>>> print(open('target.cif').read())   # mmCIF, C-alpha atoms
data_final
#
loop_
_atom_site.label_atom_id
_atom_site.label_comp_id
_atom_site.auth_asym_id
_atom_site.auth_seq_id
_atom_site.Cartn_x
_atom_site.Cartn_y
_atom_site.Cartn_z
CA MET A 1 7.99 -15.48 27.44
CA ARG A 2 5.04 -17.14 25.69
CA ASP A 3 2.64 -15.22 27.95
CA VAL A 4 4.24 -11.94 26.84
CA GLN A 5 3.97 -12.98 23.20
CA LEU A 6 0.33 -13.92 23.70
CA ALA A 7 -0.48 -10.53 25.21
CA TYR A 8 0.96 -8.69 22.22
CA ALA A 9 -0.04 -11.25 19.58
CA THR A 10 -3.74 -10.53 19.99
CA ARG A 11 -3.26 -6.87 19.10
CA PRO A 12 -4.36 -5.91 15.59
CA ALA A 13 -1.63 -4.45 13.37
CA PRO A 14 -1.09 -3.84 9.64
CA ARG A 15 1.11 -6.21 7.63
CA TYR A 16 3.20 -3.24 6.47
CA THR A 17 3.64 -4.21 2.84
CA SER A 18 3.53 -0.44 2.31
CA TYR A 19 3.61 2.73 4.37
CA PRO A 20 1.24 4.47 4.58
CA THR A 21 -0.86 1.30 4.41
CA ALA A 22 -3.69 0.73 1.92
CA PRO A 23 -6.56 1.69 4.30
CA HIS A 24 -5.16 5.23 4.24
CA PHE A 25 -5.23 5.59 0.45
CA SER A 26 -7.89 8.06 -0.74
CA ASP A 27 -9.52 9.22 -3.97
CA ALA A 28 -7.66 12.52 -3.63
CA ILE A 29 -4.98 10.78 -5.71
CA GLY A 30 -6.10 9.78 -9.19
CA ALA A 31 -5.09 9.43 -12.81
CA ALA A 32 -3.71 12.96 -13.15
CA GLU A 33 -1.35 12.67 -10.19
CA TYR A 34 -0.20 9.21 -11.23
CA SER A 35 0.50 10.40 -14.77
CA GLU A 36 2.69 13.17 -13.38
CA TRP A 37 4.53 10.72 -11.12
CA LEU A 38 5.22 8.36 -14.02
CA ALA A 39 6.53 11.16 -16.24
CA ALA A 40 8.89 12.28 -13.45
CA LEU A 41 10.54 8.88 -12.93
CA PRO A 42 14.31 8.73 -13.49
CA PRO A 43 14.55 6.84 -16.80
CA GLN A 44 17.91 5.25 -15.97
CA LYS A 45 16.66 3.42 -12.87
CA PRO A 46 15.18 -0.10 -13.17
CA ILE A 47 11.55 -0.62 -12.23
CA SER A 48 9.46 -3.66 -11.35
CA LEU A 49 6.12 -4.71 -12.79
CA TYR A 50 3.15 -6.41 -11.15
CA LEU A 51 0.37 -7.86 -13.31
CA HIS A 52 -2.84 -8.89 -11.53
CA VAL A 53 -5.24 -11.51 -12.89
CA PRO A 54 -8.31 -11.48 -10.60
CA PHE A 55 -9.83 -14.77 -11.78
CA CYS A 56 -9.77 -18.28 -10.35
CA ARG A 57 -11.11 -21.58 -11.66
CA GLN A 58 -12.04 -22.63 -8.12
CA ILE A 59 -12.87 -20.67 -4.95
CA CYS A 60 -10.88 -21.13 -1.74
CA TRP A 61 -12.85 -20.08 1.34
CA TYR A 62 -9.87 -18.72 3.30
CA CYS A 63 -8.85 -16.28 0.55
CA GLY A 64 -9.08 -12.55 1.17
CA CYS A 65 -7.93 -11.53 -2.31
CA ASN A 66 -10.01 -9.63 -4.83
CA MET A 67 -10.95 -12.40 -7.28
CA LYS A 68 -13.82 -13.75 -9.37
CA LEU A 69 -14.77 -17.33 -10.14
CA VAL A 70 -14.59 -17.89 -13.90
CA LYS A 71 -16.04 -20.78 -15.88
CA ARG A 72 -16.07 -19.34 -19.41
CA GLU A 73 -13.06 -18.35 -21.51
CA GLU A 74 -14.47 -15.07 -22.84
CA PRO A 75 -13.91 -12.99 -19.69
CA LEU A 76 -10.31 -14.17 -19.50
CA ALA A 77 -9.65 -13.36 -23.16
CA GLU A 78 -11.25 -9.92 -22.79
CA TYR A 79 -9.21 -9.24 -19.67
CA ALA A 80 -5.95 -10.23 -21.39
CA ALA A 81 -6.74 -7.85 -24.26
CA ALA A 82 -7.44 -4.98 -21.85
CA LEU A 83 -4.25 -5.76 -19.92
CA LYS A 84 -2.24 -5.34 -23.12
CA ARG A 85 -3.92 -2.01 -23.81
CA GLU A 86 -3.05 -0.87 -20.30
CA ILE A 87 0.58 -1.87 -20.79
CA ASP A 88 0.73 0.24 -23.97
CA MET A 89 -0.98 3.19 -22.30
CA ILE A 90 1.19 3.25 -19.17
CA ALA A 91 4.40 2.71 -21.17
CA GLY A 92 3.47 5.79 -23.17
CA LEU A 93 3.37 7.90 -19.99
CA LEU A 94 6.91 6.98 -18.95
CA PRO A 95 9.91 9.21 -19.69
CA GLY A 96 11.47 6.57 -21.92
CA ARG A 97 11.89 2.86 -22.46
CA MET A 98 12.42 1.53 -18.93
CA LYS A 99 14.36 -1.50 -17.73
CA VAL A 100 12.61 -4.10 -15.59
CA SER A 101 14.41 -5.96 -12.80
CA HIS A 102 11.41 -7.90 -11.44
CA LEU A 103 8.09 -8.98 -12.94
CA HIS A 104 5.40 -10.76 -10.95
CA PHE A 105 2.07 -12.19 -12.11
CA GLY A 106 -0.33 -12.44 -9.16
CA GLY A 107 -3.99 -12.98 -8.54
CA GLY A 108 -6.36 -14.69 -8.37
CA THR A 109 -4.71 -17.32 -10.50
CA PRO A 110 -2.69 -16.03 -13.45
CA THR A 111 -2.47 -19.53 -14.89
CA ALA A 112 -6.25 -19.48 -15.28
CA LEU A 113 -5.37 -17.73 -18.55
CA LYS A 114 -4.86 -19.78 -21.68
CA PRO A 115 -1.18 -20.34 -22.55
CA ASP A 116 -1.55 -18.24 -25.72
CA ALA A 117 -3.02 -15.36 -23.69
CA LEU A 118 -0.09 -15.45 -21.26
CA THR A 119 2.28 -15.47 -24.22
CA SER A 120 0.61 -12.46 -25.82
CA ILE A 121 0.81 -10.47 -22.57
CA MET A 122 4.50 -11.27 -22.12
CA GLU A 123 5.18 -10.36 -25.75
CA ARG A 124 3.54 -6.98 -25.16
CA VAL A 125 5.61 -6.42 -22.02
CA ARG A 126 8.83 -7.22 -23.89
CA ALA A 127 7.76 -4.94 -26.74
CA ARG A 128 7.47 -1.95 -24.37
CA PHE A 129 10.15 -2.70 -21.74
CA ASP A 130 13.65 -4.14 -21.51
CA PHE A 131 14.69 -6.65 -18.87
CA THR A 132 17.88 -6.34 -16.87
CA PRO A 133 20.29 -9.30 -16.96
CA GLY A 134 19.14 -11.88 -14.42
CA ALA A 135 15.73 -10.28 -13.94
CA GLU A 136 13.32 -12.34 -11.86
CA ILE A 137 10.12 -13.26 -13.70
CA ALA A 138 7.62 -14.92 -11.37
CA ILE A 139 4.10 -16.31 -11.59
CA GLU A 140 1.56 -17.61 -9.07
CA SER A 141 -0.34 -20.78 -9.86
CA ASP A 142 -2.82 -23.33 -8.58
CA PRO A 143 -1.69 -26.97 -8.95
CA ARG A 144 -5.33 -28.09 -9.13
CA THR A 145 -5.83 -26.34 -12.46
CA LEU A 146 -2.29 -26.04 -13.85
CA SER A 147 -2.12 -27.78 -17.22
CA ASP A 148 0.91 -29.44 -18.80
CA ASP A 149 0.62 -27.04 -21.74
CA MET A 150 0.81 -24.06 -19.37
CA ILE A 151 3.85 -25.53 -17.60
CA VAL A 152 5.68 -25.87 -20.92
CA ARG A 153 4.71 -22.32 -21.90
CA ILE A 154 5.91 -20.91 -18.55
CA GLY A 155 9.31 -22.41 -19.26
CA GLU A 156 9.39 -21.14 -22.85
CA LEU A 157 8.52 -17.60 -21.71
CA GLY A 158 11.51 -17.47 -19.39
CA PHE A 159 9.79 -17.50 -16.01
CA THR A 160 12.39 -18.00 -13.30
CA ARG A 161 10.11 -18.58 -10.31
CA ALA A 162 6.71 -20.16 -9.67
CA SER A 163 4.62 -19.91 -6.51
CA PHE A 164 1.94 -22.25 -5.18
CA GLY A 165 -0.62 -21.48 -2.49
CA VAL A 166 -0.29 -24.82 -0.69
CA GLN A 167 -1.55 -23.56 2.71
CA GLU A 168 -1.74 -27.00 4.41
CA PHE A 169 -1.36 -30.60 3.23
CA ASP A 170 -3.68 -32.23 5.76
CA PRO A 171 -6.84 -33.45 3.92
CA SER A 172 -9.23 -32.46 6.72
CA VAL A 173 -7.95 -28.88 6.75
CA GLN A 174 -7.99 -28.74 2.95
CA LYS A 175 -11.64 -29.78 2.98
CA ALA A 176 -12.47 -27.15 5.62
CA ILE A 177 -11.00 -24.35 3.45
CA ASN A 178 -12.23 -25.79 0.12
CA ARG A 179 -8.77 -26.31 -1.34
CA VAL A 180 -8.23 -30.01 -1.86
CA GLN A 181 -4.86 -30.75 -3.48
CA PRO A 182 -3.10 -34.05 -2.67
CA VAL A 183 0.63 -34.08 -2.02
CA SER A 184 1.18 -36.07 -5.22
CA MET A 185 -0.54 -33.36 -7.29
CA VAL A 186 1.70 -30.61 -5.93
CA ALA A 187 4.86 -32.73 -6.19
CA LYS A 188 4.17 -33.57 -9.85
CA ALA A 189 3.55 -29.92 -10.71
CA VAL A 190 6.85 -28.90 -9.07
CA LYS A 191 8.76 -31.63 -10.88
CA LYS A 192 7.31 -30.61 -14.25
CA LEU A 193 8.04 -26.93 -13.68
CA ARG A 194 11.67 -27.66 -12.85
CA ARG A 195 11.91 -29.85 -15.94
CA ALA A 196 10.55 -26.91 -17.96
CA GLY A 197 13.39 -24.71 -16.68
CA VAL A 198 11.82 -22.87 -13.73
CA ARG A 199 14.63 -22.58 -11.18
CA GLY A 200 12.80 -21.23 -8.11
CA ILE A 201 9.76 -22.70 -6.37
CA ASN A 202 7.77 -20.86 -3.67
CA PHE A 203 5.16 -22.32 -1.36
CA ASP A 204 2.72 -20.22 0.66
CA LEU A 205 1.65 -21.95 3.88
CA ILE A 206 -0.84 -20.77 6.49
CA TYR A 207 -1.20 -21.48 10.19
CA GLY A 208 -4.34 -20.81 12.21
CA LEU A 209 -6.64 -22.65 9.78
CA PRO A 210 -9.77 -24.55 10.89
CA HIS A 211 -9.05 -27.94 12.50
CA GLN A 212 -5.29 -27.42 12.04
CA THR A 213 -2.96 -28.74 14.76
CA LEU A 214 0.70 -28.23 15.51
CA ASP A 215 1.53 -31.74 14.28
CA MET A 216 -0.31 -31.10 11.01
CA LEU A 217 1.74 -27.95 10.48
CA ARG A 218 5.01 -29.74 11.24
CA THR A 219 4.11 -32.51 8.78
CA THR A 220 3.23 -29.99 6.09
CA ILE A 221 6.62 -28.29 6.49
CA ALA A 222 8.43 -31.64 6.30
CA VAL A 223 6.53 -32.49 3.09
CA THR A 224 7.29 -29.03 1.71
CA SER A 225 10.99 -29.69 2.21
CA ALA A 226 10.76 -33.14 0.64
CA ILE A 227 9.03 -31.75 -2.46
CA GLY A 228 11.84 -29.22 -2.79
CA ALA A 229 10.46 -25.72 -2.29
CA ASP A 230 13.35 -23.24 -2.21
CA ARG A 231 11.43 -20.48 -0.50
CA CYS A 232 8.33 -20.46 1.72
CA ALA A 233 6.03 -18.00 3.41
CA LEU A 234 4.23 -19.02 6.59
CA PHE A 235 1.36 -16.60 7.05
CA SER A 236 -1.08 -16.36 9.91
CA TYR A 237 -4.63 -16.85 8.70
CA ALA A 238 -6.44 -13.52 8.79
CA HIS A 239 -10.10 -14.22 9.51
CA VAL A 240 -11.72 -11.03 8.21
CA PRO A 241 -15.22 -12.05 7.10
CA TRP A 242 -16.33 -8.42 7.17
CA MET A 243 -13.98 -7.90 4.20
CA ALA A 244 -13.84 -11.35 2.56
CA LYS A 245 -17.39 -12.65 2.52
CA ARG A 246 -16.35 -16.12 1.36
CA GLN A 247 -14.66 -16.60 4.74
CA ARG A 248 -18.14 -16.80 6.25
CA LEU A 249 -18.17 -20.36 4.89
CA ILE A 250 -15.41 -21.26 7.34
CA ASP A 251 -16.48 -22.55 10.74
CA ALA A 252 -15.04 -19.91 13.07
CA ALA A 253 -15.48 -22.28 16.02
CA ALA A 254 -12.94 -24.63 14.41
CA LEU A 255 -10.20 -21.99 14.30
CA PRO A 256 -7.28 -22.37 16.74
CA ASP A 257 -7.33 -19.98 19.69
CA ALA A 258 -4.78 -17.21 20.21
CA LYS A 259 -2.53 -19.34 22.43
CA THR A 260 -2.39 -22.12 19.85
CA ARG A 261 -1.64 -19.62 17.07
CA VAL A 262 1.37 -18.33 18.99
CA GLU A 263 2.52 -21.92 19.51
CA MET A 264 2.03 -22.61 15.78
CA ALA A 265 4.19 -19.65 14.78
CA ALA A 266 6.98 -20.93 17.02
CA ALA A 267 6.53 -24.56 15.92
CA GLY A 268 6.63 -23.50 12.29
CA ALA A 269 9.89 -21.61 12.78
CA GLU A 270 11.42 -24.60 14.57
CA ALA A 271 10.23 -27.01 11.86
CA PHE A 272 11.68 -24.91 9.05
CA ALA A 273 15.00 -24.63 10.90
CA ALA A 274 15.06 -28.40 11.32
CA GLN A 275 14.64 -28.77 7.55
CA GLY A 276 17.58 -26.46 6.87
CA TYR A 277 15.72 -23.27 5.99
CA GLN A 278 16.87 -19.82 7.08
CA ALA A 279 14.35 -17.53 8.77
CA ILE A 280 13.67 -14.40 6.71
CA GLY A 281 12.05 -11.42 8.39
CA LEU A 282 8.73 -12.05 10.07
CA ASP A 283 7.27 -15.01 8.20
CA HIS A 284 9.45 -16.17 5.29
CA TYR A 285 11.94 -19.03 5.08
CA ALA A 286 14.47 -19.91 2.39
CA LEU A 287 17.25 -22.37 1.75
CA PRO A 288 20.63 -20.80 2.54
CA ASP A 289 21.68 -20.42 -1.11
CA ASP A 290 18.37 -18.88 -2.20
CA ALA A 291 18.63 -15.22 -3.26
CA LEU A 292 16.22 -14.19 -0.50
CA ALA A 293 18.40 -15.75 2.19
CA VAL A 294 21.50 -14.13 0.69
CA ALA A 295 19.74 -10.74 0.71
CA ALA A 296 18.70 -11.18 4.34
CA ARG A 297 22.25 -11.98 5.42
CA SER A 298 23.69 -9.00 3.53
CA GLY A 299 21.12 -6.46 4.74
CA ALA A 300 19.59 -6.11 1.25
CA LEU A 301 16.17 -7.56 2.10
CA ARG A 302 13.15 -5.46 1.08
CA ARG A 303 9.40 -5.66 1.62
CA ASN A 304 6.61 -4.88 -0.83
CA PHE A 305 3.08 -6.00 -1.67
CA GLN A 306 4.27 -9.55 -2.39
CA GLY A 307 5.94 -9.79 1.03
CA TYR A 308 9.70 -10.13 1.45
CA THR A 309 11.69 -9.69 -1.73
CA THR A 310 15.07 -9.02 -3.30
CA ASP A 311 13.46 -6.31 -5.46
CA ARG A 312 15.23 -3.01 -4.76
CA ALA A 313 13.42 -0.97 -7.42
CA GLU A 314 11.92 2.25 -6.08
CA THR A 315 9.06 1.99 -8.56
CA MET A 316 6.60 -0.83 -9.06
CA ILE A 317 4.01 -0.37 -11.78
CA GLY A 318 0.80 -2.28 -11.21
CA PHE A 319 -1.30 -3.51 -14.13
CA GLY A 320 -4.78 -5.00 -13.92
CA ALA A 321 -7.80 -4.52 -11.70
CA THR A 322 -7.02 -3.87 -8.00
CA SER A 323 -3.24 -3.87 -8.53
CA ILE A 324 -1.18 -1.57 -6.30
CA GLY A 325 1.80 0.40 -7.54
CA LYS A 326 4.45 2.51 -5.88
CA THR A 327 6.68 5.35 -7.02
CA PRO A 328 9.14 7.59 -5.15
CA PHE A 329 6.24 10.08 -4.89
CA GLY A 330 3.49 7.85 -3.51
CA TYR A 331 1.28 4.79 -3.91
CA VAL A 332 -1.70 4.11 -6.16
CA GLN A 333 -4.29 1.36 -6.51
CA ASN A 334 -6.23 0.51 -9.64
CA GLN A 335 -9.99 0.16 -9.72
CA PRO A 336 -10.86 -3.12 -7.97
CA GLU A 337 -13.94 -3.77 -10.10
CA VAL A 338 -12.99 -5.25 -13.47
CA GLY A 339 -15.64 -3.31 -15.39
CA ALA A 340 -14.54 0.07 -13.99
CA TRP A 341 -10.89 -0.75 -14.63
CA ASP A 342 -11.67 -1.86 -18.19
CA ARG A 343 -13.63 1.32 -18.97
CA ALA A 344 -10.80 3.55 -17.79
CA VAL A 345 -8.26 1.64 -19.87
CA ALA A 346 -10.53 1.87 -22.90
CA GLU A 347 -10.61 5.66 -22.42
CA GLY A 348 -6.81 5.74 -22.37
CA VAL A 349 -6.36 6.97 -18.79
CA PRO A 350 -4.77 5.26 -15.76
CA ALA A 351 -7.47 3.31 -13.92
CA ILE A 352 -6.59 4.73 -10.53
CA ALA A 353 -9.20 4.39 -7.79
CA LYS A 354 -7.17 5.83 -4.92
CA GLY A 355 -3.69 6.49 -3.65
CA VAL A 356 -1.57 8.48 -1.25
CA ALA A 357 1.23 10.96 -1.77
CA LEU A 358 4.31 10.69 0.43
CA GLY A 359 4.84 13.75 2.57
CA GLY A 360 6.14 14.98 5.89
CA GLU A 361 7.79 12.16 7.82
CA ASP A 362 6.31 9.38 5.66
CA VAL A 363 9.59 8.42 4.01
CA LEU A 364 11.43 8.33 7.34
CA ARG A 365 8.72 6.30 9.04
CA ARG A 366 8.53 3.94 6.06
CA TYR A 367 12.27 3.37 6.30
CA VAL A 368 12.13 2.61 10.04
CA ILE A 369 9.17 0.26 9.63
CA GLU A 370 10.78 -1.59 6.71
CA GLN A 371 14.03 -2.02 8.67
CA LEU A 372 12.12 -3.48 11.60
CA MET A 373 10.11 -5.79 9.36
CA CYS A 374 13.14 -6.93 7.35
CA ASP A 375 16.08 -6.86 9.76
CA GLY A 376 14.43 -6.82 13.18
CA ALA A 377 16.58 -3.81 14.07
CA VAL A 378 17.01 -0.15 13.20
CA ASP A 379 19.31 2.67 14.25
CA LEU A 380 16.81 5.44 14.94
CA ASN A 381 19.42 8.18 15.21
CA ALA A 382 21.02 7.20 11.91
CA ALA A 383 17.59 7.02 10.29
CA ALA A 384 16.78 10.53 11.49
CA ALA A 385 20.08 11.88 10.14
CA MET A 386 19.62 10.08 6.84
CA HIS A 387 16.24 11.76 6.34
CA SER A 388 17.22 15.19 7.73
CA ALA A 389 14.90 14.80 10.72
CA PRO A 390 15.45 16.39 14.14
CA ALA A 391 17.66 14.36 16.45
CA ASP A 392 14.88 14.07 19.04
CA TRP A 393 12.66 12.27 16.48
CA ALA A 394 14.17 8.96 17.57
CA MET A 395 11.31 8.44 20.07
CA GLU A 396 13.51 6.72 22.63
CA GLU A 397 11.25 7.96 25.40
CA ASP A 398 8.04 6.77 23.72
CA PRO A 399 6.03 5.00 26.47
CA ALA A 400 5.02 2.16 24.18
CA LEU A 401 8.64 1.38 23.32
CA ARG A 402 9.65 1.56 26.97
CA ASP A 403 6.83 -0.82 27.92
CA MET A 404 7.94 -3.23 25.20
CA GLN A 405 11.50 -3.05 26.48
CA ALA A 406 10.34 -3.80 30.00
CA ASP A 407 8.38 -6.78 28.66
CA GLY A 408 11.43 -8.16 26.87
CA VAL A 409 10.09 -7.53 23.37
CA LEU A 410 12.92 -5.22 22.30
CA ASN A 411 16.17 -3.63 23.38
CA LEU A 412 16.61 0.13 22.96
CA ASP A 413 20.05 1.56 23.65
CA GLY A 414 21.48 4.81 22.31
CA GLY A 415 18.84 4.97 19.60
CA LYS A 416 19.50 1.43 18.39
CA LEU A 417 16.34 -0.65 18.53
CA THR A 418 16.64 -4.43 18.25
CA LEU A 419 13.87 -6.99 18.52
CA THR A 420 14.55 -9.82 20.95
CA GLU A 421 13.79 -13.45 20.12
CA THR A 422 10.50 -12.92 21.95
CA GLY A 423 9.83 -9.79 19.93
CA LYS A 424 10.69 -11.01 16.43
CA PRO A 425 7.26 -12.60 15.83
CA LEU A 426 5.74 -9.30 17.04
CA ALA A 427 7.48 -7.07 14.49
CA ARG A 428 4.15 -5.76 13.20
CA VAL A 429 3.16 -4.55 16.67
CA VAL A 430 6.50 -2.83 17.25
CA ALA A 431 6.37 -1.25 13.79
CA SER A 432 2.92 0.15 14.53
CA VAL A 433 4.47 2.42 17.18
CA PHE A 434 6.09 4.34 14.30
CA ASP A 435 2.90 4.44 12.21
CA ALA A 436 1.50 7.98 12.42
CA TYR A 437 -1.78 6.84 10.82
CA PHE A 438 -2.47 3.76 12.91
CA GLU A 439 -3.95 4.99 16.19
CA GLY A 440 -7.57 6.03 15.77
CA GLY A 441 -7.41 5.48 12.04
CA GLY A 442 -10.60 3.47 11.99
CA ALA A 443 -9.11 0.69 9.82
CA ARG A 444 -9.65 -2.92 10.88
CA HIS A 445 -6.61 -5.21 10.83
CA SER A 446 -5.94 -8.87 11.58
CA VAL A 447 -4.19 -9.79 14.82
CA ALA A 448 -0.40 -9.80 14.80
CA VAL A 449 0.12 -13.56 15.24
#
>>> encode(input="target.cif", output="structure tokens")
Amino acid sequence: MRDVQLAYATRPAPRYTSYPTAPHFSDAIGAAEYSEWLAALPPQKPISLYLHVPFCRQICWYCGCNMKLVKREEPLAEYAAALKREIDMIAGLLPGRMKVSHLHFGGGTPTALKPDALTSIMERVRARFDFTPGAEIAIESDPRTLSDDMIVRIGELGFTRASFGVQEFDPSVQKAINRVQPVSMVAKAVKKLRRAGVRGINFDLIYGLPHQTLDMLRTTIAVTSAIGADRCALFSYAHVPWMAKRQRLIDAAALPDAKTRVEMAAAGAEAFAAQGYQAIGLDHYALPDDALAVAARSGALRRNFQGYTTDRAETMIGFGATSIGKTPFGYVQNQPEVGAWDRAVAEGVPAIAKGVALGGEDVLRRYVIEQLMCDGAVDLNAAAAMHSAPADWAMEEDPALRDMQADGVLNLDGGKLTLTETGKPLARVVASVFDAYFEGGGARHSVAV
């Protein structure tokens, strides 16, 4: 079946961390609409918060994130101050004092901030919001620049999870992507974080990197297990130099071909299983007692802009430049340029650059896509009934689905669609069949595997 996987794996498809996806956001949605959405939120329901820090102390060439290299402390201090003003402003637009079930600091590198700046931001969050019992409080970090003082502060502030972008442990690959971090450096950082009281450790790994081989990937996963990561993501490298200009520094000729990438995805899954990890959705792995694995087994797994998650909040409020938020009414994204974001915050208005309102069949299609991405299966008839859609919406006769069934990618029987073992790595491609915006949309996406 590898030939079938290869044929589908080279197709471009969105990652479906939202639906509609970000390329279909527009400036028709702005501060006024977002303010109305916030005011209309049910005050009794928990929300989640995402705080974006778009600064790094060092540049990694593979990265497609919106970030800036920072050498001086002033920009970081100014950004922290503006972030606190934004927290106050957005909290004032809500219908009451809301409870938070998940908080995530992402970037960039949030730990590029000084420990006192991180403390002041968390104090402002706690001044304006309440946390539910057992709330997850997570932060991304870079072991190359993570100080002992910051590790202690992370523990004191009650962070429950820390995430490292490891990518690959092989020194030759690290050099090719400009992210050199020895195994000992990462292991020491993990040990110190656990000593500080951080219970959960995430690693992000990538396959499809320059000069990377299957054996390198297997070794990296074995080392990851030995260091003690509870939860891992294994992403395919998205080489999109038309979007991320720093990727032009990567030698495209050194990237594995499509066939090797498919083999890497399979080898990675096998290596994680051998180390005792449970497969989660498309590209995550967790130890069996990790909350993510428990959610996957119980059918409670969700997907958002951070990937697979246990976060079941219908609303995520994004703070900081380029952050994306969601509400029951639609999605929004803040201004990606720090100066434009800062000016809007200073004027006391949401710094929204674009967004999209949910309408028509969007909620139904989002549900179907999320079920496929999370569970690898969906009952199309039940989904239609749940969302008051016509019974014939189920699309059982869709030619693309029938072709995929003939190719052994999925099974479709009585409206119940289930991905086969061959089809599970191709969940993005199958999900795209239900994406009303995908065909002819003009957006460029990375290949599926």
>>> resolve_selection(input="target.cif", expression="the PyMOL selection byres ((chain A and resi 128) around 9)", output="PyMOL selection string")
chain A and resi 87-88+91-92+97-98+123-127+129-130
>>> resolve_selection(input="target.cif", expression="the PyMOL selection byres ((chain A and resi 273) around 12)", output="list in words")
Arg218, Ile221, Ala222, Ser225, Ala266, Ala267, Gly268, Ala269, Glu270, Ala271, Phe272, Ala274, Gln275, Gly276, Tyr277, Gln278, Ala279, Ile280, His284, Tyr285, Ala286, Leu287 and Pro288 of chain A
>>> write_last_selection(input="target.cif", atoms="C-alpha atoms", output="compact mmCIF listing (two decimals), in the frame of the given file")
# COMPACT_ATOMS: atom_id res chain seq x y z
CA ARG A 218 5.01 -29.74 11.24
CA ILE A 221 6.62 -28.29 6.49
CA ALA A 222 8.43 -31.64 6.30
CA SER A 225 10.99 -29.69 2.21
CA ALA A 266 6.98 -20.93 17.02
CA ALA A 267 6.53 -24.56 15.92
CA GLY A 268 6.63 -23.50 12.29
CA ALA A 269 9.89 -21.61 12.78
CA GLU A 270 11.42 -24.60 14.57
CA ALA A 271 10.23 -27.01 11.86
CA PHE A 272 11.68 -24.91 9.05
CA ALA A 274 15.06 -28.40 11.32
CA GLN A 275 14.64 -28.77 7.55
CA GLY A 276 17.58 -26.46 6.87
CA TYR A 277 15.72 -23.27 5.99
CA GLN A 278 16.87 -19.82 7.08
CA ALA A 279 14.35 -17.53 8.77
CA ILE A 280 13.67 -14.40 6.71
CA HIS A 284 9.45 -16.17 5.29
CA TYR A 285 11.94 -19.03 5.08
CA ALA A 286 14.47 -19.91 2.39
CA LEU A 287 17.25 -22.37 1.75
CA PRO A 288 20.63 -20.80 2.54
>>> resolve_selection(input="target.cif", expression="the PyMOL selection byres ((chain A and resi 229) around 12)", output="PyMOL selection string")
chain A and resi 161-166+186-187+189-191+193-194+198-205+220-228+230-233+272+275-277+285-287+290
>>> closest_residue(input="target.cif", among="A:Asp116, A:Glu347, A:Asp3, A:Glu168", to="Met150 (chain A)", atoms="only C-alpha atoms")
A:Asp116
>>> axis_aligned_box(input="target.cif", around="region 376-379 of chain A", padding_each_side="5 Å", output="AutoDock Vina command-line options")
--center_x 16.9 --center_y -2.1 --center_z 13.7 --size_x 14.9 --size_y 19.5 --size_z 11.1
>>> closest_residue(input="target.cif", among="A:Leu94, A:Ile369, A:Ala295, A:Leu401", to="Tyr34 (chain A)", atoms="only C-alpha atoms")
A:Leu94
>>> closest_residue(input="target.cif", among="A:Ala265, A:Leu113, A:Leu282, A:Ile317", to="Leu41 (chain A)", atoms="all atoms listed in the file")
A:Ile317
>>> closest_residue(input="target.cif", among="A:His211, A:Lys192, A:Lys259, A:Arg303", to="Lys175 (chain A)", atoms="only C-alpha atoms")
A:His211
>>> residues_around(input="target.cif", residues="Thr213 (chain A)", least_positions_apart="3", cutoff="12 Å", atoms="all atoms listed in the file", output="ChimeraX atom specification")
/A:168-170,172-173,206-210,216-220,254-257,260-261,263-265,267-268
>>> write_last_selection(input="target.cif", atoms="C-alpha atoms", output="PDB file, in the frame of the given file")
ATOM      1  CA  GLU A 168      -1.740 -27.000   4.410  1.00  0.00           C
ATOM      2  CA  PHE A 169      -1.360 -30.600   3.230  1.00  0.00           C
ATOM      3  CA  ASP A 170      -3.680 -32.230   5.760  1.00  0.00           C
ATOM      4  CA  SER A 172      -9.230 -32.460   6.720  1.00  0.00           C
ATOM      5  CA  VAL A 173      -7.950 -28.880   6.750  1.00  0.00           C
ATOM      6  CA  ILE A 206      -0.840 -20.770   6.490  1.00  0.00           C
ATOM      7  CA  TYR A 207      -1.200 -21.480  10.190  1.00  0.00           C
ATOM      8  CA  GLY A 208      -4.340 -20.810  12.210  1.00  0.00           C
ATOM      9  CA  LEU A 209      -6.640 -22.650   9.780  1.00  0.00           C
ATOM     10  CA  PRO A 210      -9.770 -24.550  10.890  1.00  0.00           C
ATOM     11  CA  MET A 216      -0.310 -31.100  11.010  1.00  0.00           C
ATOM     12  CA  LEU A 217       1.740 -27.950  10.480  1.00  0.00           C
ATOM     13  CA  ARG A 218       5.010 -29.740  11.240  1.00  0.00           C
ATOM     14  CA  THR A 219       4.110 -32.510   8.780  1.00  0.00           C
ATOM     15  CA  THR A 220       3.230 -29.990   6.090  1.00  0.00           C
ATOM     16  CA  ALA A 254     -12.940 -24.630  14.410  1.00  0.00           C
ATOM     17  CA  LEU A 255     -10.200 -21.990  14.300  1.00  0.00           C
ATOM     18  CA  PRO A 256      -7.280 -22.370  16.740  1.00  0.00           C
ATOM     19  CA  ASP A 257      -7.330 -19.980  19.690  1.00  0.00           C
ATOM     20  CA  THR A 260      -2.390 -22.120  19.850  1.00  0.00           C
ATOM     21  CA  ARG A 261      -1.640 -19.620  17.070  1.00  0.00           C
ATOM     22  CA  GLU A 263       2.520 -21.920  19.510  1.00  0.00           C
ATOM     23  CA  MET A 264       2.030 -22.610  15.780  1.00  0.00           C
ATOM     24  CA  ALA A 265       4.190 -19.650  14.780  1.00  0.00           C
ATOM     25  CA  ALA A 267       6.530 -24.560  15.920  1.00  0.00           C
ATOM     26  CA  GLY A 268       6.630 -23.500  12.290  1.00  0.00           C
TER      27      GLY A 268
END
>>> atom_distance(input="target.cif", atom1="CA of Asn66 (chain A)", atom2="CA of Thr309 (chain A)")
21.9 Å
